[in-house]
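*Asks:* What follows is the file input18.pdb, containing PDB, C-alpha atoms (C1' of nucleotides):
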```pdb
ATOM      1  CA  MET A 620      20.970  17.482 -14.153  1.00  0.00           C
ATOM      2  CA  ASN A 621      18.402  20.161 -13.409  1.00  0.00           C
ATOM      3  CA  TYR A 622      15.379  21.208 -15.371  1.00  0.00           C
ATOM      4  CA  TRP A 623      13.989  24.692 -15.926  1.00  0.00           C
ATOM      5  CA  LEU A 624      11.405  26.698 -17.756  1.00  0.00           C
ATOM      6  CA  LEU A 625      12.251  29.897 -19.590  1.00  0.00           C
ATOM      7  CA  LYS A 626       9.652  32.426 -20.646  1.00  0.00           C
ATOM      8  CA  SER A 627       9.929  34.646 -23.635  1.00  0.00           C
ATOM      9  CA  GLU A 628       7.549  36.894 -25.487  1.00  0.00           C
ATOM     10  CA  PRO A 629       7.698  35.506 -29.018  1.00  0.00           C
ATOM     11  CA  ASP A 630       7.425  38.937 -30.630  1.00  0.00           C
ATOM     12  CA  VAL A 631      10.632  39.843 -28.784  1.00  0.00           C
ATOM     13  CA  PHE A 632      12.491  36.542 -28.953  1.00  0.00           C
ATOM     14  CA  SER A 633      10.779  33.404 -30.179  1.00  0.00           C
ATOM     15  CA  TRP A 634      11.706  29.745 -30.466  1.00  0.00           C
ATOM     16  CA  ASP A 635      12.380  30.300 -34.169  1.00  0.00           C
ATOM     17  CA  ASP A 636      14.747  33.130 -33.267  1.00  0.00           C
ATOM     18  CA  LEU A 637      16.590  30.779 -30.923  1.00  0.00           C
ATOM     19  CA  VAL A 638      16.874  28.136 -33.652  1.00  0.00           C
ATOM     20  CA  LYS A 639      18.075  30.721 -36.172  1.00  0.00           C
ATOM     21  CA  LYS A 640      20.539  32.367 -33.831  1.00  0.00           C
ATOM     22  CA  GLY A 641      22.095  29.228 -32.381  1.00  0.00           C
ATOM     23  CA  PRO A 642      23.662  29.650 -28.947  1.00  0.00           C
ATOM     24  CA  SER A 643      22.057  32.789 -27.514  1.00  0.00           C
ATOM     25  CA  VAL A 644      22.646  34.917 -24.434  1.00  0.00           C
ATOM     26  CA  TRP A 645      19.678  34.826 -22.083  1.00  0.00           C
ATOM     27  CA  ASP A 646      19.905  38.295 -20.604  1.00  0.00           C
ATOM     28  CA  GLY A 647      17.690  41.050 -19.281  1.00  0.00           C
ATOM     29  CA  VAL A 648      16.448  39.208 -16.200  1.00  0.00           C
ATOM     30  CA  ARG A 649      15.743  41.826 -13.514  1.00  0.00           C
ATOM     31  CA  ASN A 650      14.048  39.789 -10.857  1.00  0.00           C
ATOM     32  CA  TYR A 651      15.902  38.281  -7.924  1.00  0.00           C
ATOM     33  CA  GLN A 652      14.075  34.980  -7.864  1.00  0.00           C
ATOM     34  CA  ALA A 653      14.593  34.484 -11.579  1.00  0.00           C
ATOM     35  CA  ARG A 654      18.215  35.609 -11.198  1.00  0.00           C
ATOM     36  CA  ASN A 655      18.819  33.038  -8.474  1.00  0.00           C
ATOM     37  CA  ASN A 656      17.481  30.368 -10.785  1.00  0.00           C
ATOM     38  CA  LEU A 657      19.852  31.497 -13.538  1.00  0.00           C
ATOM     39  CA  LYS A 658      22.721  31.220 -11.067  1.00  0.00           C
ATOM     40  CA  ALA A 659      21.746  27.638 -10.248  1.00  0.00           C
ATOM     41  CA  MET A 660      21.893  26.526 -13.864  1.00  0.00           C
ATOM     42  CA  LYS A 661      24.678  24.257 -15.038  1.00  0.00           C
ATOM     43  CA  LYS A 662      25.972  23.520 -18.490  1.00  0.00           C
ATOM     44  CA  GLY A 663      23.883  20.730 -19.967  1.00  0.00           C
ATOM     45  CA  ASP A 664      20.748  21.502 -17.959  1.00  0.00           C
ATOM     46  CA  LYS A 665      17.535  21.428 -19.952  1.00  0.00           C
ATOM     47  CA  ALA A 666      14.953  24.174 -20.130  1.00  0.00           C
ATOM     48  CA  LEU A 667      11.436  24.185 -21.493  1.00  0.00           C
ATOM     49  CA  PHE A 668      10.881  27.163 -23.757  1.00  0.00           C
ATOM     50  CA  TYR A 669       7.589  28.944 -23.139  1.00  0.00           C
ATOM     51  CA  HIS A 670       5.961  31.633 -25.263  1.00  0.00           C
ATOM     52  CA  SER A 671       4.225  34.164 -23.017  1.00  0.00           C
ATOM     53  CA  ASN A 672       1.486  36.574 -24.112  1.00  0.00           C
ATOM     54  CA  ILE A 673       1.276  35.300 -27.667  1.00  0.00           C
ATOM     55  CA  GLY A 674       0.569  31.588 -27.885  1.00  0.00           C
ATOM     56  CA  ARG A 675       0.955  30.901 -24.179  1.00  0.00           C
ATOM     57  CA  GLU A 676       2.473  27.501 -24.802  1.00  0.00           C
ATOM     58  CA  ILE A 677       5.607  25.459 -24.334  1.00  0.00           C
ATOM     59  CA  VAL A 678       7.143  25.061 -27.753  1.00  0.00           C
ATOM     60  CA  GLY A 679      10.377  23.149 -27.235  1.00  0.00           C
ATOM     61  CA  ILE A 680      13.426  22.246 -25.204  1.00  0.00           C
ATOM     62  CA  ALA A 681      16.586  24.312 -24.933  1.00  0.00           C
ATOM     63  CA  THR A 682      19.934  23.334 -23.460  1.00  0.00           C
ATOM     64  CA  ILE A 683      22.076  25.495 -21.208  1.00  0.00           C
ATOM     65  CA  THR A 684      25.381  25.877 -23.035  1.00  0.00           C
ATOM     66  CA  LYS A 685      27.121  28.255 -20.585  1.00  0.00           C
ATOM     67  CA  PRO A 686      26.589  28.758 -16.861  1.00  0.00           C
ATOM     68  CA  PHE A 687      25.945  32.243 -15.510  1.00  0.00           C
ATOM     69  CA  PHE A 688      28.129  35.266 -16.178  1.00  0.00           C
ATOM     70  CA  PRO A 689      27.538  39.013 -15.660  1.00  0.00           C
ATOM     71  CA  ASP A 690      24.665  40.289 -17.780  1.00  0.00           C
ATOM     72  CA  PRO A 691      26.332  42.131 -20.694  1.00  0.00           C
ATOM     73  CA  THR A 692      23.313  44.407 -21.162  1.00  0.00           C
ATOM     74  CA  ILE A 693      23.771  46.245 -17.861  1.00  0.00           C
ATOM     75  CA  ASP A 694      26.646  47.637 -15.804  1.00  0.00           C
ATOM     76  CA  ASP A 695      25.466  46.126 -12.544  1.00  0.00           C
ATOM     77  CA  GLU A 696      27.009  43.104 -10.914  1.00  0.00           C
ATOM     78  CA  ARG A 697      23.732  41.979  -9.437  1.00  0.00           C
ATOM     79  CA  TRP A 698      22.377  40.687 -12.727  1.00  0.00           C
ATOM     80  CA  VAL A 699      23.527  37.655 -14.644  1.00  0.00           C
ATOM     81  CA  ALA A 700      22.906  35.888 -17.931  1.00  0.00           C
ATOM     82  CA  VAL A 701      23.371  32.354 -19.256  1.00  0.00           C
ATOM     83  CA  GLU A 702      23.736  30.986 -22.765  1.00  0.00           C
ATOM     84  CA  VAL A 703      21.183  28.618 -24.267  1.00  0.00           C
ATOM     85  CA  LYS A 704      20.549  26.914 -27.554  1.00  0.00           C
ATOM     86  CA  ALA A 705      17.563  25.166 -29.080  1.00  0.00           C
ATOM     87  CA  GLN A 706      17.609  21.437 -28.618  1.00  0.00           C
ATOM     88  CA  LYS A 707      14.316  20.003 -29.786  1.00  0.00           C
ATOM     89  CA  LYS A 708      11.006  21.401 -30.898  1.00  0.00           C
ATOM     90  CA  PHE A 709       7.790  19.952 -29.506  1.00  0.00           C
ATOM     91  CA  LYS A 710       5.675  18.108 -32.088  1.00  0.00           C
ATOM     92  CA  ASN A 711       2.656  19.710 -30.451  1.00  0.00           C
ATOM     93  CA  ALA A 712       2.984  22.790 -28.293  1.00  0.00           C
ATOM     94  CA  VAL A 713       1.596  22.382 -24.783  1.00  0.00           C
ATOM     95  CA  THR A 714      -0.695  25.287 -23.982  1.00  0.00           C
ATOM     96  CA  LEU A 715      -1.094  26.979 -20.628  1.00  0.00           C
ATOM     97  CA  ASP A 716      -4.719  25.944 -20.787  1.00  0.00           C
ATOM     98  CA  THR A 717      -3.772  22.291 -21.060  1.00  0.00           C
ATOM     99  CA  ILE A 718      -1.270  22.643 -18.221  1.00  0.00           C
ATOM    100  CA  LYS A 719      -3.922  24.235 -16.016  1.00  0.00           C
ATOM    101  CA  ASN A 720      -6.262  21.371 -16.822  1.00  0.00           C
ATOM    102  CA  THR A 721      -3.667  18.765 -15.878  1.00  0.00           C
ATOM    103  CA  PRO A 722      -3.932  18.144 -12.119  1.00  0.00           C
ATOM    104  CA  ALA A 723      -0.381  16.753 -11.913  1.00  0.00           C
ATOM    105  CA  LEU A 724       0.945  20.117 -13.122  1.00  0.00           C
ATOM    106  CA  ALA A 725      -1.157  22.358 -10.892  1.00  0.00           C
ATOM    107  CA  LYS A 726       1.855  23.224  -8.745  1.00  0.00           C
ATOM    108  CA  LEU A 727       4.101  24.381 -11.568  1.00  0.00           C
ATOM    109  CA  PRO A 728       5.351  27.899 -10.843  1.00  0.00           C
ATOM    110  CA  LEU A 729       4.066  28.725 -14.306  1.00  0.00           C
ATOM    111  CA  VAL A 730       0.586  28.353 -12.836  1.00  0.00           C
ATOM    112  CA  THR A 731       1.162  29.476  -9.254  1.00  0.00           C
ATOM    113  CA  HIS A 732       3.668  32.291  -9.911  1.00  0.00           C
ATOM    114  CA  SER A 733       2.596  33.494 -13.289  1.00  0.00           C
ATOM    115  CA  ARG A 734       5.017  36.411 -13.336  1.00  0.00           C
ATOM    116  CA  LEU A 735       8.211  34.466 -12.696  1.00  0.00           C
ATOM    117  CA  SER A 736      10.215  34.243 -15.925  1.00  0.00           C
ATOM    118  CA  VAL A 737      12.851  31.649 -14.989  1.00  0.00           C
ATOM    119  CA  MET A 738      11.691  28.746 -12.860  1.00  0.00           C
ATOM    120  CA  PRO A 739      12.734  25.255 -11.833  1.00  0.00           C
ATOM    121  CA  VAL A 740      10.777  22.235 -13.068  1.00  0.00           C
ATOM    122  CA  SER A 741      10.992  18.794 -11.452  1.00  0.00           C
ATOM    123  CA  GLU A 742      12.309  15.917 -13.533  1.00  0.00           C
ATOM    124  CA  LEU A 743       8.920  14.231 -13.304  1.00  0.00           C
ATOM    125  CA  ASP A 744       7.100  17.318 -14.610  1.00  0.00           C
ATOM    126  CA  PHE A 745       9.722  17.813 -17.287  1.00  0.00           C
ATOM    127  CA  VAL A 746       9.308  14.266 -18.587  1.00  0.00           C
ATOM    128  CA  LEU A 747       5.527  14.570 -18.472  1.00  0.00           C
ATOM    129  CA  LEU A 748       5.563  17.849 -20.385  1.00  0.00           C
ATOM    130  CA  CYS A 749       7.909  16.428 -23.043  1.00  0.00           C
ATOM    131  CA  ASP A 750       5.565  13.479 -23.374  1.00  0.00           C
ATOM    132  CA  MET A 751       2.614  15.835 -23.767  1.00  0.00           C
ATOM    133  CA  GLY A 752       4.637  17.726 -26.362  1.00  0.00           C
ATOM    134  CA  GLY A 753       4.994  14.550 -28.376  1.00  0.00           C
ATOM    135  CA  ILE A 754       8.714  14.012 -27.964  1.00  0.00           C
ATOM    136  CA  VAL A 755      11.002  11.889 -25.836  1.00  0.00           C
ATOM    137  CA  SER A 756      13.141  14.008 -23.556  1.00  0.00           C
TER     138      SER A 756
ATOM    139  C1'  DG B 226      -5.961  47.221 -24.454  1.00  0.00           C
ATOM    140  C1'  DC B 227      -7.223  46.411 -19.737  1.00  0.00           C
ATOM    141  C1'  DC B 228      -6.169  45.381 -15.312  1.00  0.00           C
ATOM    142  C1'  DA B 229      -4.881  42.167 -11.393  1.00  0.00           C
ATOM    143  C1'  DA B 230      -0.954  40.596  -9.238  1.00  0.00           C
ATOM    144  C1'  DC B 231       3.128  41.522  -7.613  1.00  0.00           C
ATOM    145  C1'  DG B 232       7.881  43.428  -7.268  1.00  0.00           C
ATOM    146  C1'  DT B 233      10.544  47.641  -6.417  1.00  0.00           C
ATOM    147  C1'  DT B 234      11.419  52.273  -4.885  1.00  0.00           C
ATOM    148  C1'  DG B 235      11.678  55.951  -1.894  1.00  0.00           C
ATOM    149  C1'  DG B 236       9.692  59.139   1.602  1.00  0.00           C
ATOM    150  C1'  DC B 237       8.936  59.244   6.206  1.00  0.00           C
TER     151       DC B 237
ATOM    152  C1'  DG C1378      11.365  49.293   8.659  1.00  0.00           C
ATOM    153  C1'  DC C1379       6.779  50.448   6.946  1.00  0.00           C
ATOM    154  C1'  DC C1380       3.930  51.266   3.337  1.00  0.00           C
ATOM    155  C1'  DA C1381       2.124  54.195  -0.497  1.00  0.00           C
ATOM    156  C1'  DA C1382       3.162  55.003  -5.081  1.00  0.00           C
ATOM    157  C1'  DC C1383       4.622  53.357  -9.056  1.00  0.00           C
ATOM    158  C1'  DG C1384       6.215  50.194 -12.835  1.00  0.00           C
ATOM    159  C1'  DT C1385       6.026  45.752 -15.100  1.00  0.00           C
ATOM    160  C1'  DT C1386       4.348  41.306 -16.350  1.00  0.00           C
ATOM    161  C1'  DG C1387       1.297  38.494 -18.506  1.00  0.00           C
ATOM    162  C1'  DG C1388      -3.414  36.400 -18.722  1.00  0.00           C
ATOM    163  C1'  DC C1389      -7.612  37.557 -20.474  1.00  0.00           C
TER     164       DC C1389
END
```
Once more with this new file: its structure as structure tokens, please.

*Replies:*
Amino acid sequence: MNYWLLKSEPDVFSWDDLVKKGPSVWDGVRNYQARNNLKAMKKGDKALFYHSNIGREIVGIATITKPFFPDPTIDDERWVAVEVKAQKKFKNAVTLDTIKNTPALAKLPLVTHSRLSVMPVSELDFVLLCDMGGIVS
DNA sequence: GCCAACGTTGGC
DNA sequence: GCCAACGTTGGC
């Protein structure tokens, strides 16, 4: 199993929206690196759900429910989407500030490549972040 | 709301 | 193929 981190602006699509909506199409990615990460996702992979701009914190874990398929929002074969659903909400959100102040997490792409919206996370980092979020992954 | 970082586009 | 111009992201 692989682990990921997905960014979303909560005023566009928040964790609560994901919970409400159930399985949701993760579309609109227009960046090759992020796209390649989407393509590497498998059903059952786990993804941390991060609120960018507002909150700037990891709020929960989502599960990949469908591997990649052509992005339905654009007529261009280059871009793909996946389907995700909410799995578990963090008891306490883990803020970007906290992550930056945690030496073990200094190499997270979230810190080093702040503009990447879909990124891989190692199993070790994933488990640590879940622990910091107050839940067992 | 500003702006730095960075990705993309297009002229040459 | 280079690079200037431009657009977008996201932290602050």

*Asks:* Spell out the residues picked by the PyMOL selection byres ((chain A) within 9 of (chain B)) here, as a PDB file with C-alpha atoms, keeping the file's coordinate frame.

*Replies:*
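Printed below is part_33.pdb as written:
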```pdb
ATOM      1  CA  ASN A 650      14.048  39.789 -10.857  1.00  0.00           C
ATOM      2  CA  SER A 733       2.596  33.494 -13.289  1.00  0.00           C
ATOM      3  CA  ARG A 734       5.017  36.411 -13.336  1.00  0.00           C
TER       4      ARG A 734
END
```

*Asks:* Evaluating the PyMOL selection byres ((chain A and resi 756) around 12) on the displayed file yields which residues, as an mmCIF file with C-alpha atoms, in the frame of the given file?

*Replies:*
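Now in selection.cif:
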```cif
data_model
loop_
_atom_site.group_PDB
_atom_site.id
_atom_site.type_symbol
_atom_site.label_atom_id
_atom_site.label_comp_id
_atom_site.auth_asym_id
_atom_site.auth_seq_id
_atom_site.Cartn_x
_atom_site.Cartn_y
_atom_site.Cartn_z
ATOM 1 C CA TYR A 622 15.379 21.208 -15.371
ATOM 2 C CA LYS A 665 17.535 21.428 -19.952
ATOM 3 C CA ALA A 666 14.953 24.174 -20.130
ATOM 4 C CA LEU A 667 11.436 24.185 -21.493
ATOM 5 C CA GLY A 679 10.377 23.149 -27.235
ATOM 6 C CA ILE A 680 13.426 22.246 -25.204
ATOM 7 C CA ALA A 681 16.586 24.312 -24.933
ATOM 8 C CA THR A 682 19.934 23.334 -23.460
ATOM 9 C CA GLN A 706 17.609 21.437 -28.618
ATOM 10 C CA LYS A 707 14.316 20.003 -29.786
ATOM 11 C CA LYS A 708 11.006 21.401 -30.898
ATOM 12 C CA PHE A 709 7.790 19.952 -29.506
ATOM 13 C CA GLU A 742 12.309 15.917 -13.533
ATOM 14 C CA LEU A 743 8.920 14.231 -13.304
ATOM 15 C CA ASP A 744 7.100 17.318 -14.610
ATOM 16 C CA PHE A 745 9.722 17.813 -17.287
ATOM 17 C CA VAL A 746 9.308 14.266 -18.587
ATOM 18 C CA LEU A 747 5.527 14.570 -18.472
ATOM 19 C CA LEU A 748 5.563 17.849 -20.385
ATOM 20 C CA CYS A 749 7.909 16.428 -23.043
ATOM 21 C CA ASP A 750 5.565 13.479 -23.374
ATOM 22 C CA MET A 751 2.614 15.835 -23.767
ATOM 23 C CA GLY A 752 4.637 17.726 -26.362
ATOM 24 C CA GLY A 753 4.994 14.550 -28.376
ATOM 25 C CA ILE A 754 8.714 14.012 -27.964
ATOM 26 C CA VAL A 755 11.002 11.889 -25.836
#
```

*Asks:* Kindly provide, as a PDB file with C-alpha atoms, in the frame of the given file, the polymer residues lying within 12 Å of (26.5, 24.9, -31.8), counting only C-alpha atoms (C1' of nucleotides) and using the coordinates exactly as they appear in the file.

*Replies:*
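File produced: part.pdb:
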```
ATOM      1  CA  LEU A 637      16.590  30.779 -30.923  1.00  0.00           C
ATOM      2  CA  VAL A 638      16.874  28.136 -33.652  1.00  0.00           C
ATOM      3  CA  LYS A 639      18.075  30.721 -36.172  1.00  0.00           C
ATOM      4  CA  LYS A 640      20.539  32.367 -33.831  1.00  0.00           C
ATOM      5  CA  GLY A 641      22.095  29.228 -32.381  1.00  0.00           C
ATOM      6  CA  PRO A 642      23.662  29.650 -28.947  1.00  0.00           C
ATOM      7  CA  SER A 643      22.057  32.789 -27.514  1.00  0.00           C
ATOM      8  CA  THR A 682      19.934  23.334 -23.460  1.00  0.00           C
ATOM      9  CA  ILE A 683      22.076  25.495 -21.208  1.00  0.00           C
ATOM     10  CA  THR A 684      25.381  25.877 -23.035  1.00  0.00           C
ATOM     11  CA  LYS A 685      27.121  28.255 -20.585  1.00  0.00           C
ATOM     12  CA  GLU A 702      23.736  30.986 -22.765  1.00  0.00           C
ATOM     13  CA  VAL A 703      21.183  28.618 -24.267  1.00  0.00           C
ATOM     14  CA  LYS A 704      20.549  26.914 -27.554  1.00  0.00           C
ATOM     15  CA  ALA A 705      17.563  25.166 -29.080  1.00  0.00           C
ATOM     16  CA  GLN A 706      17.609  21.437 -28.618  1.00  0.00           C
TER      17      GLN A 706
END
```

*Asks:* Just the residues within 10 Å of A:Lys658, please, counting all atoms listed in the file, with nothing from its chain fewer than 2 positions along; format it as a PyMOL selection string.

*Replies:* chain A and resi 652-656+660-661+686-688+698-701

*Asks:* Hey, can you check how far atom CA of A:Ile718 sits from atom CA of A:His732?

*Replies:*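 Value for the atom CA of A:Ile718-atom CA of A:His732 distance: 13.7 Å.
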
*Asks:* Between atom CA of A:Ile693 and atom CA of A:Glu676, what distance in Å does the model show, to one decimal?

*Replies:*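 Going from atom CA of A:Ile693 over to atom CA of A:Glu676 covers 29.2 Å.
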
*Asks:* One decimal, in Å: what's the spacing between atom CA of A:Leu715 and atom CA of A:Val644?

*Replies:* 25.3 Å

*Asks:* Select, from A:Met738, A:Ala725, A:Val713, A:Val730, the residue with the minimum atom-to-atom distance to A:Gly674, counting only C-alpha atoms.

*Replies:*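 Closest candidate: A:Val713.
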
*Asks:* Since the input lacks atoms, please generate all heavy atoms for stretch 740-751 of chain A and provide them as a PDB file, keeping the file's coordinate frame.

*Replies:*
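The result, written out as part28.pdb:
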```pdb
ATOM      1  N   VAL A 740      11.809  23.231 -12.771  1.00  0.00           N
ATOM      2  CA  VAL A 740      10.777  22.235 -13.068  1.00  0.00           C
ATOM      3  C   VAL A 740      11.330  20.892 -12.593  1.00  0.00           C
ATOM      4  O   VAL A 740      12.499  20.593 -12.822  1.00  0.00           O
ATOM      5  CB  VAL A 740      10.493  22.172 -14.591  1.00  0.00           C
ATOM      6  CG1 VAL A 740       9.485  21.076 -14.909  1.00  0.00           C
ATOM      7  CG2 VAL A 740       9.986  23.514 -15.106  1.00  0.00           C
ATOM      8  N   SER A 741      10.517  20.103 -11.912  1.00  0.00           N
ATOM      9  CA  SER A 741      10.992  18.794 -11.452  1.00  0.00           C
ATOM     10  C   SER A 741      11.196  17.871 -12.650  1.00  0.00           C
ATOM     11  O   SER A 741      10.616  18.073 -13.716  1.00  0.00           O
ATOM     12  CB  SER A 741       9.987  18.173 -10.480  1.00  0.00           C
ATOM     13  OG  SER A 741       8.840  17.744 -11.188  1.00  0.00           O
ATOM     14  N   GLU A 742      12.036  16.846 -12.443  1.00  0.00           N
ATOM     15  CA  GLU A 742      12.309  15.917 -13.533  1.00  0.00           C
ATOM     16  C   GLU A 742      11.018  15.235 -13.989  1.00  0.00           C
ATOM     17  O   GLU A 742      10.774  15.065 -15.183  1.00  0.00           O
ATOM     18  CB  GLU A 742      13.328  14.867 -13.090  1.00  0.00           C
ATOM     19  CG  GLU A 742      13.672  13.896 -14.210  1.00  0.00           C
ATOM     20  CD  GLU A 742      14.822  12.961 -13.860  1.00  0.00           C
ATOM     21  OE1 GLU A 742      15.261  12.974 -12.702  1.00  0.00           O
ATOM     22  OE2 GLU A 742      15.264  12.224 -14.759  1.00  0.00           O
ATOM     23  N   LEU A 743      10.194  14.889 -13.006  1.00  0.00           N
ATOM     24  CA  LEU A 743       8.920  14.231 -13.304  1.00  0.00           C
ATOM     25  C   LEU A 743       8.042  15.100 -14.204  1.00  0.00           C
ATOM     26  O   LEU A 743       7.480  14.636 -15.196  1.00  0.00           O
ATOM     27  CB  LEU A 743       8.204  13.952 -11.979  1.00  0.00           C
ATOM     28  CG  LEU A 743       7.506  12.602 -11.866  1.00  0.00           C
ATOM     29  CD1 LEU A 743       8.505  11.470 -11.963  1.00  0.00           C
ATOM     30  CD2 LEU A 743       6.731  12.520 -10.555  1.00  0.00           C
ATOM     31  N   ASP A 744       7.923  16.390 -13.828  1.00  0.00           N
ATOM     32  CA  ASP A 744       7.100  17.318 -14.610  1.00  0.00           C
ATOM     33  C   ASP A 744       7.704  17.538 -15.988  1.00  0.00           C
ATOM     34  O   ASP A 744       6.991  17.644 -16.989  1.00  0.00           O
ATOM     35  CB  ASP A 744       6.958  18.655 -13.880  1.00  0.00           C
ATOM     36  CG  ASP A 744       6.112  18.529 -12.624  1.00  0.00           C
ATOM     37  OD1 ASP A 744       5.469  17.470 -12.437  1.00  0.00           O
ATOM     38  OD2 ASP A 744       6.094  19.478 -11.824  1.00  0.00           O
ATOM     39  N   PHE A 745       9.031  17.597 -16.014  1.00  0.00           N
ATOM     40  CA  PHE A 745       9.722  17.813 -17.287  1.00  0.00           C
ATOM     41  C   PHE A 745       9.416  16.667 -18.253  1.00  0.00           C
ATOM     42  O   PHE A 745       9.049  16.889 -19.409  1.00  0.00           O
ATOM     43  CB  PHE A 745      11.232  17.924 -17.042  1.00  0.00           C
ATOM     44  CG  PHE A 745      12.021  18.236 -18.278  1.00  0.00           C
ATOM     45  CD1 PHE A 745      12.208  19.551 -18.684  1.00  0.00           C
ATOM     46  CD2 PHE A 745      12.592  17.219 -19.032  1.00  0.00           C
ATOM     47  CE1 PHE A 745      12.937  19.848 -19.822  1.00  0.00           C
ATOM     48  CE2 PHE A 745      13.319  17.511 -20.182  1.00  0.00           C
ATOM     49  CZ  PHE A 745      13.490  18.824 -20.575  1.00  0.00           C
ATOM     50  N   VAL A 746       9.556  15.449 -17.751  1.00  0.00           N
ATOM     51  CA  VAL A 746       9.308  14.266 -18.587  1.00  0.00           C
ATOM     52  C   VAL A 746       7.849  14.231 -19.047  1.00  0.00           C
ATOM     53  O   VAL A 746       7.559  13.965 -20.212  1.00  0.00           O
ATOM     54  CB  VAL A 746       9.678  12.979 -17.807  1.00  0.00           C
ATOM     55  CG1 VAL A 746       9.201  11.735 -18.558  1.00  0.00           C
ATOM     56  CG2 VAL A 746      11.183  12.921 -17.585  1.00  0.00           C
ATOM     57  N   LEU A 747       6.951  14.548 -18.128  1.00  0.00           N
ATOM     58  CA  LEU A 747       5.527  14.570 -18.472  1.00  0.00           C
ATOM     59  C   LEU A 747       5.236  15.595 -19.566  1.00  0.00           C
ATOM     60  O   LEU A 747       4.527  15.317 -20.537  1.00  0.00           O
ATOM     61  CB  LEU A 747       4.694  14.876 -17.215  1.00  0.00           C
ATOM     62  CG  LEU A 747       3.191  15.075 -17.427  1.00  0.00           C
ATOM     63  CD1 LEU A 747       2.556  13.839 -18.041  1.00  0.00           C
ATOM     64  CD2 LEU A 747       2.499  15.413 -16.108  1.00  0.00           C
ATOM     65  N   LEU A 748       5.816  16.786 -19.412  1.00  0.00           N
ATOM     66  CA  LEU A 748       5.563  17.849 -20.385  1.00  0.00           C
ATOM     67  C   LEU A 748       6.143  17.505 -21.757  1.00  0.00           C
ATOM     68  O   LEU A 748       5.528  17.800 -22.781  1.00  0.00           O
ATOM     69  CB  LEU A 748       6.129  19.177 -19.869  1.00  0.00           C
ATOM     70  CG  LEU A 748       5.248  19.839 -18.792  1.00  0.00           C
ATOM     71  CD1 LEU A 748       6.026  20.871 -18.007  1.00  0.00           C
ATOM     72  CD2 LEU A 748       4.002  20.460 -19.419  1.00  0.00           C
ATOM     73  N   CYS A 749       7.324  16.863 -21.773  1.00  0.00           N
ATOM     74  CA  CYS A 749       7.909  16.428 -23.043  1.00  0.00           C
ATOM     75  C   CYS A 749       7.003  15.406 -23.709  1.00  0.00           C
ATOM     76  O   CYS A 749       6.777  15.432 -24.921  1.00  0.00           O
ATOM     77  CB  CYS A 749       9.290  15.815 -22.824  1.00  0.00           C
ATOM     78  SG  CYS A 749      10.527  17.019 -22.369  1.00  0.00           S
ATOM     79  N   ASP A 750       6.479  14.496 -22.883  1.00  0.00           N
ATOM     80  CA  ASP A 750       5.565  13.479 -23.374  1.00  0.00           C
ATOM     81  C   ASP A 750       4.319  14.134 -23.980  1.00  0.00           C
ATOM     82  O   ASP A 750       3.875  13.785 -25.073  1.00  0.00           O
ATOM     83  CB  ASP A 750       5.195  12.552 -22.206  1.00  0.00           C
ATOM     84  CG  ASP A 750       4.486  11.304 -22.697  1.00  0.00           C
ATOM     85  OD1 ASP A 750       4.954  10.741 -23.706  1.00  0.00           O
ATOM     86  OD2 ASP A 750       3.472  10.917 -22.091  1.00  0.00           O
ATOM     87  N   MET A 751       3.785  15.117 -23.261  1.00  0.00           N
ATOM     88  CA  MET A 751       2.614  15.835 -23.767  1.00  0.00           C
ATOM     89  C   MET A 751       2.950  16.589 -25.046  1.00  0.00           C
ATOM     90  O   MET A 751       2.085  16.796 -25.902  1.00  0.00           O
ATOM     91  CB  MET A 751       2.105  16.817 -22.697  1.00  0.00           C
ATOM     92  CG  MET A 751       1.459  16.132 -21.506  1.00  0.00           C
ATOM     93  SD  MET A 751       1.286  17.239 -20.072  1.00  0.00           S
ATOM     94  CE  MET A 751      -0.077  18.284 -20.614  1.00  0.00           C
TER      95      MET A 751
END
```
